[in-house]
Amino acid sequence: MKFTKKIAFASASLALTLATPAALLTQNAAFAKTTTVKQATKVKVTKKTTPFYHKDGSKFTKKKPYVYGGWKSTVAYKNTSYNVVKTVTIKGAKYYYIGNDAYLKASDVKVTATKTVKSSSTSSAKKASTSSSKTTSKKTSSTSSSTSSSSSSKKTSSKKTVTQIQVTKKTTPFYHKDGSKFTKKSPYVYQGWKSTVAYKGTKYKVSKTITIKGSKYYYIGNSAYLKASAVKVIASK
């Protein structure tokens, strides 16, 4: 009878020993799992005309129209293409932000270009860290302190991102991403408005800041860049 109990106890111990690595493997697999999501980068208007919207869902008006360069309008026209900065939800509906404080409703356009973005799940990592903190409180406290110090250092060293600029010269060229200028044969085109230069006092929303051939440029959307030396920063975040 005693012998049988010893065998049963040994079998149970072996089962617990084998179960632990399996659980860890499951957690690690969940932690390493990544998902890919497609994001719209370019859209084309499918309706005859479609309104430009503000971030609160209200439409641009004739008194306060959407302004880009010297072109003003309350609507976008059919077959016009726009580069998408980001996709947002306003009052339950999907919109595409095209820059310069303007949004287009997803139901009024079709996506013509996308990019794939990878994202990883961190839920299992949180569970693992929670369970480990119960057993190794000292290690957890030291880790959290180092994490907080690193996060504080990031805040201290973080740089402001330029979000809006204004042209300071009488005229300044529009540039391609390779540093070449737009030409009269192939000018910068934005909704019927064509030009090779931007004019003094004109404001532009900035999507990103890049370096081309050693010089700083601001990307203003629709494949156009402005040289940092020809503008001044009027807004940043």
# chains A, B, ... in the order shown; residues from 1 in each chain; ligands from 1

call {"tool": "residues_around", "arguments": {"residues": "range 101-118 of chain A", "least_positions_apart": "6", "cutoff": "7 Å", "atoms": "only C-alpha atoms", "output": "list in words"}}
result
Thr34, Thr35, Thr36, Val37, Lys38, Gln39, Ala40, Thr41, Lys42, Val43, Lys44, Val45, Thr46, Lys47, Thr50, Phe52, Tyr53, His54, Lys55, Lys94 and Tyr95 of chain A

call {"tool": "residues_around", "arguments": {"residues": "Lys72 in chain A", "least_positions_apart": "4", "cutoff": "12 Å", "atoms": "only C-alpha atoms", "output": "list in words"}}
result
Phe52, Phe60, Thr61, Lys62, Lys63, Lys64, Pro65, Tyr66, Val67, Tyr68, Ala76, Tyr190, Gln191, Gly192 and Trp193 of chain A

call {"tool": "write_last_selection", "arguments": {"atoms": "C-alpha atoms", "output": "PDB file, in the first residue's frame"}}
result
ATOM      1  CA  PHE A  52     -13.214  68.678 -46.899  1.00  0.00           C
ATOM      2  CA  PHE A  60     -15.145  73.622 -44.502  1.00  0.00           C
ATOM      3  CA  THR A  61     -17.345  76.593 -45.470  1.00  0.00           C
ATOM      4  CA  LYS A  62     -17.234  79.325 -48.124  1.00  0.00           C
ATOM      5  CA  LYS A  63     -16.368  81.851 -45.427  1.00  0.00           C
ATOM      6  CA  LYS A  64     -13.574  79.606 -44.151  1.00  0.00           C
ATOM      7  CA  PRO A  65     -12.608  77.305 -47.045  1.00  0.00           C
ATOM      8  CA  TYR A  66      -9.779  74.799 -47.255  1.00  0.00           C
ATOM      9  CA  VAL A  67      -6.710  76.764 -48.379  1.00  0.00           C
ATOM     10  CA  TYR A  68      -3.587  75.295 -49.933  1.00  0.00           C
ATOM     11  CA  ALA A  76     -12.337  67.899 -53.501  1.00  0.00           C
ATOM     12  CA  TYR A 190      -2.436  70.442 -56.304  1.00  0.00           C
ATOM     13  CA  GLN A 191      -6.106  70.376 -57.304  1.00  0.00           C
ATOM     14  CA  GLY A 192      -5.879  72.472 -60.436  1.00  0.00           C
ATOM     15  CA  TRP A 193      -3.213  74.766 -59.011  1.00  0.00           C
TER      16      TRP A 193
END

call {"tool": "residues_around", "arguments": {"residues": "range 195-209 of chain A", "least_positions_apart": "2", "cutoff": "6 Å", "atoms": "only C-alpha atoms", "output": "list in words"}}
result
Asn100, Thr163, Gln164, Ile165, Gln166, Val167, Thr168, Lys169, Lys170, Thr171, Thr172, Pro173, Phe174, Phe182, Thr183, Pro187, Tyr188, Tyr217, Tyr218, Tyr219 and Ile220 of chain A

call {"tool": "write_last_selection", "arguments": {"atoms": "N, CA and C atoms", "output": "PDB file, in the first residue's frame"}}
result
ATOM      1  N   ASN A 100      -2.682  69.703 -43.742  1.00  0.00           N
ATOM      2  CA  ASN A 100      -3.238  71.057 -43.730  1.00  0.00           C
ATOM      3  C   ASN A 100      -4.622  71.134 -43.093  1.00  0.00           C
ATOM      4  N   THR A 163       5.535  70.784 -37.028  1.00  0.00           N
ATOM      5  CA  THR A 163       4.221  70.467 -37.589  1.00  0.00           C
ATOM      6  C   THR A 163       3.715  71.505 -38.590  1.00  0.00           C
ATOM      7  N   GLN A 164       4.282  72.720 -38.557  1.00  0.00           N
ATOM      8  CA  GLN A 164       3.846  73.746 -39.511  1.00  0.00           C
ATOM      9  C   GLN A 164       4.983  74.733 -39.780  1.00  0.00           C
ATOM     10  N   ILE A 165       5.069  75.177 -41.046  1.00  0.00           N
ATOM     11  CA  ILE A 165       6.115  76.118 -41.454  1.00  0.00           C
ATOM     12  C   ILE A 165       5.521  77.239 -42.295  1.00  0.00           C
ATOM     13  N   GLN A 166       6.299  78.304 -42.453  1.00  0.00           N
ATOM     14  CA  GLN A 166       5.867  79.435 -43.281  1.00  0.00           C
ATOM     15  C   GLN A 166       7.038  79.892 -44.149  1.00  0.00           C
ATOM     16  N   VAL A 167       6.765  80.122 -45.419  1.00  0.00           N
ATOM     17  CA  VAL A 167       7.806  80.531 -46.364  1.00  0.00           C
ATOM     18  C   VAL A 167       8.291  81.936 -46.022  1.00  0.00           C
ATOM     19  N   THR A 168       9.599  82.119 -45.940  1.00  0.00           N
ATOM     20  CA  THR A 168      10.187  83.410 -45.581  1.00  0.00           C
ATOM     21  C   THR A 168      10.775  84.153 -46.787  1.00  0.00           C
ATOM     22  N   LYS A 169      11.073  83.417 -47.857  1.00  0.00           N
ATOM     23  CA  LYS A 169      11.615  84.054 -49.055  1.00  0.00           C
ATOM     24  C   LYS A 169      10.484  84.461 -50.007  1.00  0.00           C
ATOM     25  N   LYS A 170      10.799  85.341 -50.953  1.00  0.00           N
ATOM     26  CA  LYS A 170       9.787  85.789 -51.912  1.00  0.00           C
ATOM     27  C   LYS A 170       9.204  84.600 -52.651  1.00  0.00           C
ATOM     28  N   THR A 171      10.065  83.735 -53.131  1.00  0.00           N
ATOM     29  CA  THR A 171       9.654  82.446 -53.707  1.00  0.00           C
ATOM     30  C   THR A 171      10.702  81.406 -53.339  1.00  0.00           C
ATOM     31  N   THR A 172      10.260  80.182 -53.193  1.00  0.00           N
ATOM     32  CA  THR A 172      11.190  79.084 -52.917  1.00  0.00           C
ATOM     33  C   THR A 172      10.713  77.846 -53.659  1.00  0.00           C
ATOM     34  N   PRO A 173      11.626  77.084 -54.270  1.00  0.00           N
ATOM     35  CA  PRO A 173      11.222  75.936 -55.094  1.00  0.00           C
ATOM     36  C   PRO A 173      10.573  74.795 -54.306  1.00  0.00           C
ATOM     37  N   PHE A 174       9.708  74.077 -54.987  1.00  0.00           N
ATOM     38  CA  PHE A 174       9.237  72.790 -54.484  1.00  0.00           C
ATOM     39  C   PHE A 174      10.257  71.748 -54.932  1.00  0.00           C
ATOM     40  N   PHE A 182      10.962  70.882 -58.969  1.00  0.00           N
ATOM     41  CA  PHE A 182       9.861  70.742 -59.921  1.00  0.00           C
ATOM     42  C   PHE A 182      10.113  71.708 -61.074  1.00  0.00           C
ATOM     43  N   THR A 183       9.726  71.311 -62.278  1.00  0.00           N
ATOM     44  CA  THR A 183       9.979  72.126 -63.468  1.00  0.00           C
ATOM     45  C   THR A 183       8.668  72.590 -64.106  1.00  0.00           C
ATOM     46  N   PRO A 187       5.361  70.550 -63.255  1.00  0.00           N
ATOM     47  CA  PRO A 187       5.258  71.379 -62.050  1.00  0.00           C
ATOM     48  C   PRO A 187       4.585  70.643 -60.894  1.00  0.00           C
ATOM     49  N   TYR A 188       4.629  71.250 -59.756  1.00  0.00           N
ATOM     50  CA  TYR A 188       3.903  70.739 -58.594  1.00  0.00           C
ATOM     51  C   TYR A 188       2.426  71.040 -58.813  1.00  0.00           C
ATOM     52  N   TYR A 217      14.993  69.168 -45.067  1.00  0.00           N
ATOM     53  CA  TYR A 217      13.795  69.485 -45.836  1.00  0.00           C
ATOM     54  C   TYR A 217      12.555  69.109 -45.024  1.00  0.00           C
ATOM     55  N   TYR A 218      11.445  69.781 -45.334  1.00  0.00           N
ATOM     56  CA  TYR A 218      10.168  69.460 -44.709  1.00  0.00           C
ATOM     57  C   TYR A 218       9.220  68.907 -45.771  1.00  0.00           C
ATOM     58  N   TYR A 219       8.638  67.751 -45.487  1.00  0.00           N
ATOM     59  CA  TYR A 219       7.699  67.136 -46.426  1.00  0.00           C
ATOM     60  C   TYR A 219       6.319  67.716 -46.170  1.00  0.00           C
ATOM     61  N   ILE A 220       5.707  68.320 -47.198  1.00  0.00           N
ATOM     62  CA  ILE A 220       4.410  68.983 -47.029  1.00  0.00           C
ATOM     63  C   ILE A 220       3.270  68.203 -47.683  1.00  0.00           C
TER      64      ILE A 220
END

call {"tool": "closest_residue", "arguments": {"among": "A:Lys59, A:Lys237, A:Lys78, A:Lys177", "to": "Thr211 in chain A", "atoms": "only C-alpha atoms"}}
result
A:Lys177

call {"tool": "closest_residue", "arguments": {"among": "A:Pro51, A:Gly179, A:Ile234, A:Ser215", "to": "Tyr77 in chain A", "atoms": "only C-alpha atoms"}}
result
A:Pro51

call {"tool": "atom_distance", "arguments": {"atom1": "CA of Ser81 in chain A", "atom2": "CA of Ile98 in chain A"}}
result
10.0 Å

call {"tool": "atom_distance", "arguments": {"atom1": "CA of Thr49 in chain A", "atom2": "CA of Ala224 in chain A"}}
result
24.2 Å
